[in-house]
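Colleague: Have a peek at protein.csv (CSV, C-alpha atoms).
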chain,number,residue,atom,x,y,z
I,1,MET,CA,36.8,-5.7,-23.2
I,2,ASN,CA,35.1,-2.9,-25.1
I,3,LYS,CA,31.8,-1.6,-24.0
I,4,VAL,CA,29.2,-2.4,-26.6
I,5,ILE,CA,25.6,-1.3,-26.7
I,6,THR,CA,23.3,-3.0,-29.2
I,7,ILE,CA,19.9,-1.5,-30.2
I,8,SER,CA,17.1,-3.6,-31.4
I,9,ARG,CA,14.0,-1.6,-32.3
I,10,GLU,CA,10.5,-1.7,-33.6
I,11,PHE,CA,10.0,0.3,-36.8
I,12,GLY,CA,9.1,3.9,-35.9
I,13,SER,CA,10.0,3.6,-32.2
I,14,GLY,CA,12.8,6.1,-32.5
I,15,GLY,CA,15.4,3.4,-31.7
I,16,ARG,CA,17.9,4.5,-34.4
I,17,GLU,CA,17.7,8.1,-33.2
I,18,LEU,CA,18.2,7.0,-29.6
I,19,GLY,CA,21.2,4.9,-30.6
I,20,LYS,CA,22.7,7.8,-32.5
I,21,ARG,CA,22.2,10.2,-29.6
I,22,LEU,CA,23.6,7.7,-27.1
I,23,ALA,CA,26.8,7.2,-29.2
I,24,GLU,CA,27.2,11.0,-29.4
I,25,ILE,CA,26.7,11.6,-25.7
I,26,LEU,CA,29.0,8.7,-24.7
I,27,GLU,CA,31.4,9.7,-27.4
I,28,ILE,CA,31.7,6.2,-28.8
I,29,ALA,CA,31.4,4.8,-32.4
I,30,TYR,CA,28.1,4.3,-34.0
I,31,TYR,CA,27.4,1.6,-36.6
I,32,ASP,CA,24.3,1.2,-38.7
I,33,HIS,CA,24.5,1.5,-42.5
I,34,GLU,CA,28.2,1.2,-42.3
I,35,ILE,CA,27.8,-2.5,-41.8
I,36,ILE,CA,25.9,-2.8,-45.0
I,37,ALA,CA,28.6,-1.0,-46.9
I,38,ALA,CA,31.3,-3.3,-45.5
I,39,ILE,CA,29.3,-6.4,-46.3
I,40,SER,CA,28.8,-5.2,-49.8
I,41,GLU,CA,32.5,-4.5,-50.2
I,42,ARG,CA,33.6,-7.9,-48.9
I,43,SER,CA,30.9,-10.0,-50.6
I,44,GLY,CA,30.9,-8.2,-53.9
I,45,LEU,CA,27.1,-8.0,-53.7
I,46,ALA,CA,25.5,-4.6,-54.5
I,47,GLU,CA,24.8,-2.4,-51.4
I,48,GLU,CA,21.1,-2.1,-52.2
I,49,TYR,CA,20.7,-5.8,-52.5
I,50,VAL,CA,22.6,-6.4,-49.2
I,51,SER,CA,20.4,-3.8,-47.5
I,52,GLY,CA,17.2,-5.5,-48.7
I,53,MET,CA,18.5,-8.9,-47.5
I,54,ALA,CA,20.2,-7.9,-44.3
I,55,GLU,CA,17.1,-7.9,-42.1
I,56,ARG,CA,15.0,-10.4,-44.0
I,57,ARG,CA,14.9,-14.1,-43.3
I,58,PRO,CA,16.3,-16.0,-46.3
I,59,VAL,CA,13.7,-18.0,-48.2
I,60,ALA,CA,14.5,-21.5,-46.9
I,61,TYR,CA,12.5,-23.6,-49.3
I,62,PRO,CA,13.6,-24.1,-52.9
I,63,ILE,CA,10.3,-24.6,-54.7
I,64,THR,CA,10.1,-26.9,-57.7
I,65,ILE,CA,7.8,-25.3,-60.2
I,66,GLY,CA,10.6,-24.7,-62.6
I,67,GLN,CA,14.4,-24.9,-62.8
I,68,THR,CA,15.0,-21.2,-63.2
I,69,LEU,CA,12.8,-20.2,-60.3
I,70,THR,CA,14.3,-22.9,-58.1
I,71,SER,CA,17.8,-21.7,-58.8
I,72,ALA,CA,16.8,-18.1,-58.1
I,73,PHE,CA,15.4,-19.1,-54.7
I,74,THR,CA,18.5,-21.2,-53.9
I,75,LEU,CA,20.8,-18.4,-54.9
I,76,GLN,CA,18.8,-15.9,-52.7
I,77,PHE,CA,19.0,-18.4,-49.8
I,78,GLU,CA,22.7,-18.8,-50.2
I,79,HIS,CA,23.2,-15.0,-50.4
I,80,GLY,CA,21.1,-14.6,-47.2
I,81,VAL,CA,23.3,-17.0,-45.3
I,82,LYS,CA,26.5,-15.6,-46.8
I,83,ILE,CA,25.4,-12.0,-45.9
I,84,TYR,CA,24.6,-13.1,-42.3
I,85,ALA,CA,28.0,-14.8,-42.0
I,86,GLU,CA,29.8,-11.7,-43.3
I,87,GLN,CA,27.7,-9.5,-41.1
I,88,SER,CA,28.7,-11.6,-38.0
I,89,ASN,CA,32.4,-11.2,-38.8
I,90,ILE,CA,32.1,-7.5,-39.3
I,91,ILE,CA,30.1,-6.9,-36.2
I,92,LYS,CA,32.6,-8.9,-34.1
I,93,GLU,CA,35.5,-6.9,-35.6
I,94,LEU,CA,33.7,-3.6,-34.8
I,95,ALA,CA,33.1,-4.7,-31.2
I,96,LEU,CA,36.8,-5.6,-30.8
I,97,LYS,CA,37.9,-2.3,-32.3
I,98,SER,CA,36.4,0.2,-29.8
I,99,ASP,CA,33.4,1.0,-27.6
I,100,CYS,CA,30.4,1.3,-29.8
I,101,VAL,CA,26.6,1.4,-30.4
I,102,ILE,CA,25.4,-1.1,-33.1
I,103,ILE,CA,21.9,-0.9,-34.6
I,104,GLY,CA,20.0,-4.1,-35.2
I,105,ARG,CA,21.2,-6.9,-37.4
I,106,CYS,CA,21.2,-9.6,-34.6
I,107,SER,CA,24.2,-7.8,-33.1
I,108,ASP,CA,22.8,-8.6,-29.6
I,109,TYR,CA,23.0,-12.3,-30.4
I,110,ILE,CA,26.2,-12.2,-32.5
I,111,LEU,CA,28.0,-10.5,-29.6
I,112,ARG,CA,26.5,-12.6,-26.8
I,113,ASN,CA,29.9,-13.7,-25.6
I,114,TYR,CA,31.1,-10.1,-25.4
I,115,SER,CA,28.5,-9.1,-22.7
I,116,PRO,CA,26.9,-6.2,-24.6
I,117,LEU,CA,24.3,-4.0,-23.1
I,118,LYS,CA,21.3,-5.0,-25.1
I,119,ILE,CA,18.5,-2.5,-25.6
I,120,PHE,CA,15.1,-3.0,-27.1
I,121,VAL,CA,13.1,0.1,-28.1
I,122,TYR,CA,9.4,-0.3,-28.7
I,123,ALA,CA,6.2,1.9,-28.8
I,124,ASP,CA,2.5,1.6,-29.3
I,125,THR,CA,1.3,1.6,-32.9
I,126,ASN,CA,-0.2,5.1,-32.9
I,127,SER,CA,3.0,6.6,-31.5
I,128,ARG,CA,5.1,4.8,-34.2
I,129,LEU,CA,2.7,5.9,-36.9
I,130,ARG,CA,3.1,9.5,-35.7
I,131,ARG,CA,6.9,9.2,-35.8
I,132,CYS,CA,6.9,7.7,-39.3
I,133,ARG,CA,4.7,10.5,-40.5
I,134,GLU,CA,6.9,13.2,-39.0
I,135,ARG,CA,10.1,11.8,-40.6
I,136,ALA,CA,8.6,11.0,-44.0
I,137,PRO,CA,9.6,13.2,-46.9
I,138,LYS,CA,6.9,15.8,-47.7
I,139,SER,CA,6.4,14.3,-51.2
I,140,GLU,CA,5.3,11.0,-49.6
I,141,ARG,CA,1.5,10.6,-49.7
I,142,LEU,CA,0.9,7.4,-47.7
I,143,SER,CA,-2.3,7.1,-45.7
I,144,ASP,CA,-2.2,6.1,-42.0
I,145,SER,CA,-3.4,2.6,-42.9
I,146,GLN,CA,-0.6,2.3,-45.5
I,147,ILE,CA,2.1,3.4,-43.0
I,148,LYS,CA,0.6,1.0,-40.4
I,149,ALA,CA,0.8,-1.9,-42.8
I,150,GLN,CA,4.3,-1.0,-43.7
I,151,LEU,CA,5.6,-0.8,-40.1
I,152,LEU,CA,3.9,-4.1,-39.2
I,153,GLU,CA,5.5,-5.7,-42.2
I,154,VAL,CA,9.0,-4.4,-41.4
I,155,ASP,CA,8.7,-5.7,-37.8
I,156,LYS,CA,7.4,-9.1,-39.0
I,157,GLN,CA,10.4,-9.4,-41.3
I,158,ARG,CA,12.8,-8.3,-38.5
I,159,ALA,CA,11.3,-10.9,-36.1
I,160,LYS,CA,11.4,-13.7,-38.7
I,161,TYR,CA,15.0,-12.8,-39.5
I,162,HIS,CA,16.1,-12.7,-35.9
I,163,ASN,CA,14.3,-15.9,-34.9
I,164,PHE,CA,15.7,-17.7,-38.0
I,165,PHE,CA,19.3,-16.9,-37.3
I,166,THR,CA,19.4,-16.8,-33.5
I,167,GLY,CA,16.7,-19.3,-32.4
I,168,GLU,CA,15.6,-16.5,-29.9
I,169,LYS,CA,12.4,-14.7,-29.9
I,170,TRP,CA,12.8,-11.1,-31.2
I,171,GLY,CA,11.6,-8.6,-28.6
I,172,GLN,CA,11.3,-11.1,-25.7
I,173,LYS,CA,12.5,-9.0,-22.7
I,174,GLU,CA,14.5,-11.8,-21.1
I,175,ASN,CA,17.0,-11.5,-24.1
I,176,TYR,CA,17.6,-7.8,-23.3
I,177,THR,CA,19.1,-5.6,-20.6
I,178,LEU,CA,16.7,-2.8,-21.0
I,179,CYS,CA,13.4,-2.5,-22.9
I,180,ILE,CA,12.1,1.0,-23.3
I,181,ASN,CA,8.7,2.1,-24.4
I,182,THR,CA,9.0,5.4,-26.3
I,183,SER,CA,5.3,6.1,-26.7
I,184,ASN,CA,4.6,9.7,-25.7
I,185,THR,CA,8.4,10.2,-25.1
I,186,THR,CA,10.7,12.7,-26.9
I,187,ILE,CA,13.9,10.8,-27.7
I,188,LYS,CA,16.0,13.9,-27.3
I,189,ASN,CA,14.8,14.3,-23.7
I,190,ILE,CA,15.7,10.8,-22.6
I,191,ALA,CA,19.0,10.3,-24.3
I,192,THR,CA,21.2,12.0,-21.7
I,193,PRO,CA,19.8,10.4,-18.6
I,194,MET,CA,19.7,7.0,-20.4
I,195,ALA,CA,23.4,7.4,-21.3
I,196,GLN,CA,24.0,7.9,-17.6
I,197,LEU,CA,22.0,4.8,-16.7
I,198,LEU,CA,23.9,2.7,-19.3
I,199,LYS,CA,27.2,4.0,-17.9
I,200,ALA,CA,26.1,2.7,-14.4
I,201,MET,CA,25.2,-0.6,-15.9
I,202,LEU,CA,28.0,-1.1,-18.3
I,203,PRO,CA,31.0,-1.8,-16.0
I,204,LEU,CA,29.4,-5.0,-14.6
I,205,ALA,CA,27.6,-6.0,-17.7
I,206,GLY,CA,30.9,-5.8,-19.6
I,207,GLY,CA,32.4,-8.2,-17.1
I,208,GLU,CA,34.9,-5.7,-15.7
X,1,MET,CA,-2.0,15.0,-11.9
X,2,ASN,CA,0.5,13.4,-9.5
X,3,LYS,CA,3.5,11.5,-10.8
X,4,VAL,CA,3.1,7.9,-10.0
X,5,ILE,CA,5.7,5.2,-10.6
X,6,THR,CA,4.5,1.6,-10.3
X,7,ILE,CA,7.0,-1.3,-9.8
X,8,SER,CA,6.2,-4.8,-10.8
X,9,ARG,CA,9.0,-7.3,-10.2
X,10,GLU,CA,10.1,-10.8,-10.3
X,11,PHE,CA,10.9,-12.3,-6.9
X,12,GLY,CA,14.6,-11.7,-6.1
X,13,SER,CA,15.1,-9.2,-8.9
X,14,GLY,CA,15.8,-6.3,-6.5
X,15,GLY,CA,12.6,-4.5,-7.6
X,16,ARG,CA,11.5,-3.5,-4.1
X,17,GLU,CA,15.0,-2.1,-3.3
X,18,LEU,CA,15.0,-0.2,-6.5
X,19,GLY,CA,11.5,1.2,-5.8
X,20,LYS,CA,12.6,2.3,-2.3
X,21,ARG,CA,15.7,4.0,-3.5
X,22,LEU,CA,13.9,5.7,-6.4
X,23,ALA,CA,11.3,7.1,-3.9
X,24,GLU,CA,14.1,8.4,-1.6
X,25,ILE,CA,16.1,10.0,-4.5
X,26,LEU,CA,13.0,11.6,-6.0
X,27,GLU,CA,11.7,12.5,-2.5
X,28,ILE,CA,8.3,11.1,-3.1
X,29,ALA,CA,6.1,8.7,-1.1
X,30,TYR,CA,6.7,5.0,-1.1
X,31,TYR,CA,4.0,2.4,-0.6
X,32,ASP,CA,4.4,-1.3,-0.2
X,33,HIS,CA,3.3,-3.1,3.1
X,34,GLU,CA,1.4,0.1,4.0
X,35,ILE,CA,-1.3,-1.0,1.5
X,36,ILE,CA,-1.7,-4.3,3.3
X,37,ALA,CA,-2.1,-2.6,6.7
X,38,ALA,CA,-4.7,-0.2,5.2
X,39,ILE,CA,-6.7,-3.1,3.6
X,40,SER,CA,-6.6,-5.0,6.9
X,41,GLU,CA,-7.9,-2.0,8.8
X,42,ARG,CA,-10.8,-1.3,6.4
X,43,SER,CA,-11.8,-4.9,5.8
X,44,GLY,CA,-11.4,-6.1,9.3
X,45,LEU,CA,-9.4,-9.1,8.0
X,46,ALA,CA,-6.1,-9.9,9.8
X,47,GLU,CA,-3.0,-8.3,8.2
X,48,GLU,CA,-1.2,-11.6,7.8
X,49,TYR,CA,-4.2,-13.1,6.1
X,50,VAL,CA,-4.5,-10.1,3.8
X,51,SER,CA,-0.8,-10.3,3.0
X,52,GLY,CA,-1.1,-14.0,2.0
X,53,MET,CA,-4.1,-13.2,-0.2
X,54,ALA,CA,-3.0,-9.9,-1.8
X,55,GLU,CA,-0.8,-11.4,-4.5
X,56,ARG,CA,-2.6,-14.7,-5.0
X,57,ARG,CA,-5.3,-15.4,-7.4
X,58,PRO,CA,-8.5,-16.2,-5.5
X,59,VAL,CA,-9.6,-19.8,-6.0
X,60,ALA,CA,-12.4,-19.4,-8.4
X,61,TYR,CA,-14.0,-22.9,-8.3
X,62,PRO,CA,-16.1,-23.9,-5.3
X,63,ILE,CA,-15.7,-27.7,-5.2
X,64,THR,CA,-18.5,-30.0,-4.0
X,65,ILE,CA,-16.9,-32.7,-1.9
X,66,GLY,CA,-18.5,-31.4,1.2
X,67,GLN,CA,-20.5,-28.4,2.5
X,68,THR,CA,-17.8,-27.2,4.9
X,69,LEU,CA,-15.0,-27.3,2.4
X,70,THR,CA,-17.2,-25.6,-0.3
X,71,SER,CA,-18.0,-22.8,2.1
X,72,ALA,CA,-14.4,-22.4,3.0
X,73,PHE,CA,-13.5,-22.0,-0.7
X,74,THR,CA,-16.4,-19.7,-1.4
X,75,LEU,CA,-15.4,-17.6,1.6
X,76,GLN,CA,-11.7,-17.4,0.4
X,77,PHE,CA,-12.8,-16.5,-3.1
X,78,GLU,CA,-15.1,-13.7,-1.7
X,79,HIS,CA,-12.3,-12.5,0.5
X,80,GLY,CA,-9.9,-12.4,-2.5
X,81,VAL,CA,-12.3,-10.3,-4.5
X,82,LYS,CA,-13.1,-8.1,-1.5
X,83,ILE,CA,-9.4,-7.5,-0.8
X,84,TYR,CA,-8.7,-6.6,-4.5
X,85,ALA,CA,-11.6,-4.1,-4.5
X,86,GLU,CA,-10.3,-2.5,-1.2
X,87,GLN,CA,-6.8,-2.5,-2.6
X,88,SER,CA,-8.0,-0.7,-5.8
X,89,ASN,CA,-9.7,2.0,-3.7
X,90,ILE,CA,-6.6,2.5,-1.5
X,91,ILE,CA,-4.2,2.6,-4.4
X,92,LYS,CA,-6.3,5.2,-6.2
X,93,GLU,CA,-6.5,7.3,-3.1
X,94,LEU,CA,-2.7,7.1,-2.6
X,95,ALA,CA,-2.1,8.2,-6.3
X,96,LEU,CA,-4.4,11.2,-5.8
X,97,LYS,CA,-2.7,12.2,-2.6
X,98,SER,CA,0.8,12.9,-3.8
X,99,ASP,CA,3.6,11.8,-6.2
X,100,CYS,CA,4.6,8.2,-5.2
X,101,VAL,CA,6.2,4.9,-5.9
X,102,ILE,CA,3.8,1.9,-5.5
X,103,ILE,CA,5.1,-1.7,-5.3
X,104,GLY,CA,3.2,-4.5,-7.1
X,105,ARG,CA,-0.5,-5.3,-6.4
X,106,CYS,CA,-1.7,-4.6,-9.9
X,107,SER,CA,-1.1,-0.9,-9.3
X,108,ASP,CA,0.0,-0.5,-12.9
X,109,TYR,CA,-3.4,-1.7,-14.1
X,110,ILE,CA,-5.5,-0.1,-11.3
X,111,LEU,CA,-4.0,3.3,-12.1
X,112,ARG,CA,-4.1,2.9,-15.9
X,113,ASN,CA,-6.2,6.0,-16.3
X,114,TYR,CA,-3.7,8.0,-14.2
X,115,SER,CA,-0.8,7.5,-16.8
X,116,PRO,CA,1.7,6.0,-14.3
X,117,LEU,CA,5.2,5.3,-15.3
X,118,LYS,CA,5.2,1.5,-15.2
X,119,ILE,CA,8.4,-0.4,-14.5
X,120,PHE,CA,9.0,-4.1,-14.6
X,121,VAL,CA,12.1,-5.4,-12.9
X,122,TYR,CA,13.4,-8.9,-13.8
X,123,ALA,CA,16.6,-10.9,-13.7
X,124,ASP,CA,17.9,-14.3,-14.7
X,125,THR,CA,17.4,-17.2,-12.2
X,126,ASN,CA,21.0,-17.4,-10.9
X,127,SER,CA,21.1,-13.7,-10.2
X,128,ARG,CA,17.8,-13.8,-8.4
X,129,LEU,CA,18.9,-16.9,-6.4
X,130,ARG,CA,22.0,-15.0,-5.4
X,131,ARG,CA,20.0,-12.0,-4.2
X,132,CYS,CA,17.6,-14.2,-2.2
X,133,ARG,CA,20.6,-15.9,-0.5
X,134,GLU,CA,22.2,-12.6,0.3
X,135,ARG,CA,19.2,-11.2,2.0
X,136,ALA,CA,18.0,-14.3,3.8
X,137,PRO,CA,18.4,-14.4,7.6
X,138,LYS,CA,21.5,-16.3,8.6
X,139,SER,CA,19.4,-18.9,10.5
X,140,GLU,CA,17.7,-19.9,7.2
X,141,ARG,CA,19.1,-23.1,5.8
X,142,LEU,CA,17.4,-23.4,2.4
X,143,SER,CA,19.3,-25.2,-0.4
X,144,ASP,CA,19.7,-23.5,-3.8
X,145,SER,CA,17.1,-25.8,-5.3
X,146,GLN,CA,14.6,-24.9,-2.5
X,147,ILE,CA,15.2,-21.2,-3.0
X,148,LYS,CA,14.7,-21.6,-6.8
X,149,ALA,CA,11.5,-23.6,-6.3
X,150,GLN,CA,10.3,-20.8,-3.9
X,151,LEU,CA,11.0,-18.0,-6.3
X,152,LEU,CA,9.4,-19.7,-9.3
X,153,GLU,CA,6.3,-20.4,-7.1
X,154,VAL,CA,6.0,-16.8,-6.0
X,155,ASP,CA,6.3,-15.5,-9.5
X,156,LYS,CA,3.7,-18.1,-10.7
X,157,GLN,CA,1.3,-16.8,-8.1
X,158,ARG,CA,2.0,-13.2,-9.0
X,159,ALA,CA,1.4,-13.9,-12.7
X,160,LYS,CA,-1.8,-15.8,-12.0
X,161,TYR,CA,-3.1,-13.0,-9.7
X,162,HIS,CA,-2.2,-10.3,-12.2
X,163,ASN,CA,-3.7,-12.1,-15.2
X,164,PHE,CA,-6.9,-13.0,-13.2
X,165,PHE,CA,-7.7,-9.4,-12.1
X,166,THR,CA,-6.4,-7.5,-15.1
X,167,GLY,CA,-6.8,-9.7,-18.1
X,168,GLU,CA,-3.3,-8.6,-19.1
X,169,LYS,CA,-0.2,-10.8,-19.2
X,170,TRP,CA,2.1,-10.1,-16.2
X,171,GLY,CA,5.6,-9.1,-17.4
X,172,GLN,CA,4.7,-8.6,-21.1
X,173,LYS,CA,6.8,-5.6,-22.1
X,174,GLU,CA,4.0,-3.8,-24.0
X,175,ASN,CA,2.2,-3.2,-20.7
X,176,TYR,CA,5.2,-1.3,-19.2
X,177,THR,CA,7.1,1.9,-19.8
X,178,LEU,CA,10.5,0.4,-18.9
X,179,CYS,CA,11.7,-3.2,-18.3
X,180,ILE,CA,15.0,-3.5,-16.6
X,181,ASN,CA,17.1,-6.7,-16.3
X,182,THR,CA,19.0,-6.5,-13.0
X,183,SER,CA,21.2,-9.6,-13.6
X,184,ASN,CA,24.8,-8.6,-12.8
X,185,THR,CA,23.7,-5.2,-11.7
X,186,THR,CA,24.0,-3.5,-8.3
X,187,ILE,CA,20.7,-1.8,-7.6
X,188,LYS,CA,22.4,1.0,-5.6
X,189,ASN,CA,24.5,2.0,-8.6
X,190,ILE,CA,21.6,2.3,-11.0
X,191,ALA,CA,19.0,4.0,-8.8
X,192,THR,CA,20.3,7.6,-9.3
X,193,PRO,CA,20.6,7.6,-13.1
X,194,MET,CA,17.4,5.7,-13.3
X,195,ALA,CA,15.6,8.3,-11.3
X,196,GLN,CA,16.9,10.9,-13.7
X,197,LEU,CA,15.7,8.9,-16.7
X,198,LEU,CA,12.2,8.6,-15.0
X,199,LYS,CA,12.1,12.4,-14.4
X,200,ALA,CA,12.8,12.9,-18.1
X,201,MET,CA,10.0,10.5,-19.0
X,202,LEU,CA,7.5,11.5,-16.4
X,203,PRO,CA,6.3,14.9,-17.6
X,204,LEU,CA,4.9,13.5,-20.8
X,205,ALA,CA,3.9,10.2,-19.4
X,206,GLY,CA,1.9,12.0,-16.7
X,207,GLY,CA,0.0,13.8,-19.4
X,208,GLU,CA,1.3,17.3,-18.5
Render the structure in this file as structure tokens.

Modeller:
Amino acid sequence: MNKVITISREFGSGGRELGKRLAEILEIAYYDHEIIAAISERSGLAEEYVSGMAERRPVAYPITIGQTLTSAFTLQFEHGVKIYAEQSNIIKELALKSDCVIIGRCSDYILRNYSPLKIFVYADTNSRLRRCRERAPKSERLSDSQIKAQLLEVDKQRAKYHNFFTGEKWGQKENYTLCINTSNTTIKNIATPMAQLLKAMLPLAGGE
Amino acid sequence: MNKVITISREFGSGGRELGKRLAEILEIAYYDHEIIAAISERSGLAEEYVSGMAERRPVAYPITIGQTLTSAFTLQFEHGVKIYAEQSNIIKELALKSDCVIIGRCSDYILRNYSPLKIFVYADTNSRLRRCRERAPKSERLSDSQIKAQLLEVDKQRAKYHNFFTGEKWGQKENYTLCINTSNTTIKNIATPMAQLLKAMLPLAGGE
């Protein structure tokens, strides 16, 4: 069985950077936006639309204040479920193809029968705020409180999405192999030793 | 400032073994039962009694069904608080003395101003049960359900003790730097790479 590392992460925790570096060091495939592109291709839905839906819980309640609006909600709900189903297929195909790192998208749950090594990356709010500010384009003029509101909202959506499709609580340590708090940590410095630790954990975690 | 690693652990998760190995690999001091011995010496209370009280929440409600019993409860409560206070002093002294690994006893909270690297070690129930069985003396004839009841009870006491004295929730990942799930993992295999990871995290975590 291939060795699969899934990365779940709080917004601004450096989880994506960590996943990318781990894949480079371990010389294995890395999947993130590629999944969106593949869903878009298979479903015929625009990439931007898929991206917006792929970590949001579908709206599960058609409201009845008008036929048009009801239909729009129903359609969005159906798309949400369809995207998740397509995403599940693609993630399983990727895991069967080769060793890899997969970012987010319930991959930890979708691959639960493949014994992945499941990582959760988190950090305190100030540290996440700092990371967001550092990586923001210079033209962006968001205040700290605006960034903070944004990161809390993204995580709220991720948690809702995860809980909706998996029935598990997003970020609950029992559902992960390793939870790492990256507050006050430089991702670059920890990637190599972490890759070594994962290598030591993988053979058994992968059921070999 | 000295580099301090605190280990909180679920019963049977291999946390103590991990702490011991980390201290050996990093060539730093290791404190576990030594703390009990020191409390006993300073407080004049028997080591066995201190050991029994040192991870149990003191009974905080003197009941009134009889003077003798009330006094016994009050005394036990006072001892619990006294032991915690003594323990706090000793743990702070140890952290100031040299780099070290400290097992349990709210050391993560007691040393919160010393920027320790805080580890939480956990595992699923079956894996913990297996570890308990492996390390039990051959003469011990406990059934699986008895061991399971024992490990759940120990953890319940640890959680109550921690929550009582710190106001924090024991095992909540936000309170730790690294949470590691040791189910299906051989502690011996992960100790060296984990020590390397901690070395990469320590300089900043230690405020240097």

Colleague: For a cutoff of 8 Å around the file-coordinate point (6.2, 12.1, -9.6), which residues qualify once you count all atoms listed in the file? I'd like the result as number ranges by chain.

Modeller: X: 2-5, 26, 28, 98-100, 199, 202

Colleague: Which residue gives the smallest distance to chain I among X:Ile36, X:Ala29, X:Cys179, X:Met1, with all atoms listed in the file counted?

Modeller: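 Counting all atoms listed in the file, the residue closest to chain I is X:Cys179.
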
Colleague: If you take only C-alpha atoms and a cut-off of 10 Å, which residues of chain X touch chain I, and what are their nearest atom pairs and distances in Å to one decimal, in chain and number order, as a tab-separated table?

Modeller:
residue	atom	partner	partner_atom	distance
X:Lys118	CA	I:Asn181	CA	9.9
X:Ile119	CA	I:Ile180	CA	9.6
X:Phe120	CA	I:Cys179	CA	9.5
X:Val121	CA	I:Leu178	CA	9.7
X:Tyr122	CA	I:Glu174	CA	7.9
X:Ala123	CA	I:Glu174	CA	7.7
X:Asp124	CA	I:Glu174	CA	7.7
X:Gly171	CA	I:Lys173	CA	8.7
X:Gln172	CA	I:Lys173	CA	8.0
X:Lys173	CA	I:Lys173	CA	6.7
X:Glu174	CA	I:Asn181	CA	7.6
X:Asn175	CA	I:Asn181	CA	9.2
X:Tyr176	CA	I:Asn181	CA	7.1
X:Thr177	CA	I:Asn181	CA	4.9
X:Leu178	CA	I:Ile180	CA	4.7
X:Cys179	CA	I:Cys179	CA	5.0
X:Ile180	CA	I:Leu178	CA	4.8
X:Asn181	CA	I:Thr177	CA	4.9
X:Thr182	CA	I:Thr177	CA	7.7
X:Ser183	CA	I:Thr177	CA	8.3
X:Asn184	CA	I:Leu204	CA	6.1
X:Thr185	CA	I:Leu204	CA	6.4
X:Thr186	CA	I:Met201	CA	8.2
X:Ile187	CA	I:Met201	CA	9.5
X:Lys188	CA	I:Ala200	CA	9.7
X:Asn189	CA	I:Ala200	CA	6.1
X:Ile190	CA	I:Ala200	CA	5.7
X:Ala191	CA	I:Leu197	CA	8.5
X:Thr192	CA	I:Leu197	CA	8.1
X:Pro193	CA	I:Leu197	CA	4.8
X:Met194	CA	I:Leu197	CA	5.8
X:Ala195	CA	I:Pro193	CA	8.7
X:Gln196	CA	I:Pro193	CA	5.7
X:Leu197	CA	I:Pro193	CA	4.8
X:Leu198	CA	I:Pro193	CA	8.6
X:Lys199	CA	I:Pro193	CA	9.0
X:Ala200	CA	I:Ile190	CA	5.8
X:Met201	CA	I:Thr185	CA	6.3
X:Leu202	CA	I:Thr185	CA	8.8
X:Pro203	CA	I:Thr185	CA	9.1
X:Leu204	CA	I:Asn184	CA	6.2
X:Ala205	CA	I:Asn184	CA	6.4
X:Gly206	CA	I:Asn184	CA	9.7
X:Gly207	CA	I:Asn184	CA	8.8

Colleague: Using only C-alpha atoms, which residue out of X:Met53, X:Ile103, X:Leu94, X:Ala85 lies closest to His33 of chain X?

Modeller: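 Counting only C-alpha atoms, the residue closest to His33 of chain X is X:Ile103.
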
Colleague: Ranking X:Tyr49, X:Leu96, X:Gly12, X:Ile7 by minimum distance to Asp155 of chain X and counting only C-alpha atoms, which one comes first?

Modeller: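 Looking only at the distances to Asp155 of chain X, the closest residue turns out to be X:Gly12.
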
Colleague: Measure the distance from atom CA of Glu34 of chain X to atom CA of Phe11 of chain X in Å and round it to one decimal.

Modeller: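 Computing it gives 19.0 Å between the two atoms.
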
Colleague: I'd like to know which of I:Arg112, I:Lys138, I:Arg105, I:Arg16 is closest to Ala159 of chain I, using only C-alpha atoms.

Modeller: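 Closest residue, counting only C-alpha atoms: I:Arg105.
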
Colleague: Using all atoms listed in the file, which of X:Ile90, X:Cys106, X:Val50, X:Ile35 sits nearest Lys169 of chain X?

Modeller: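 Using all atoms listed in the file, Lys169 of chain X sits closest to X:Cys106.
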
Colleague: In Å, rounded to a single decimal, give me how far atom CA of Tyr109 of chain I is from atom CA of Gly167 of chain I.

Modeller: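 One can read the atom CA of Gly167 of chain I to atom CA of Tyr109 of chain I distance as 9.6 Å.
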
Colleague: Expressed in Å to a single decimal, how great is the separation between atom CA of Asp32 of chain I and atom CA of Gly104 of chain I?

Modeller: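 If I compute the distance from atom CA of Asp32 of chain I to atom CA of Gly104 of chain I, I get 7.7 Å.
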
Colleague: So which residues touch Leu111 of chain X within 9 Å, counting all atoms listed in the file, skipping near sequence neighbours fewer than 2 positions away, as a compact mmCIF listing (two decimals) with C-alpha atoms, in the frame of the given file?

Modeller:
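Output (result.txt):
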# COMPACT_ATOMS: atom_id res chain seq x y z
CA VAL X 4 3.10 7.90 -10.00
CA THR X 6 4.50 1.60 -10.30
CA SER X 88 -8.00 -0.70 -5.80
CA ILE X 91 -4.20 2.60 -4.40
CA LYS X 92 -6.30 5.20 -6.20
CA ALA X 95 -2.10 8.20 -6.30
CA CYS X 106 -1.70 -4.60 -9.90
CA SER X 107 -1.10 -0.90 -9.30
CA ASP X 108 0.00 -0.50 -12.90
CA TYR X 109 -3.40 -1.70 -14.10
CA ASN X 113 -6.20 6.00 -16.30
CA TYR X 114 -3.70 8.00 -14.20
CA SER X 115 -0.80 7.50 -16.80
CA PRO X 116 1.70 6.00 -14.30

Colleague: Kindly extract all protein, DNA and RNA residues lying within 10 Å of the coordinates (27.2, -4.7, -49.6) given in the file, considering only C-alpha atoms, and supply them as an MDAnalysis selection string.

Modeller: chainID I and resid 33:51 53:54 83 86:87
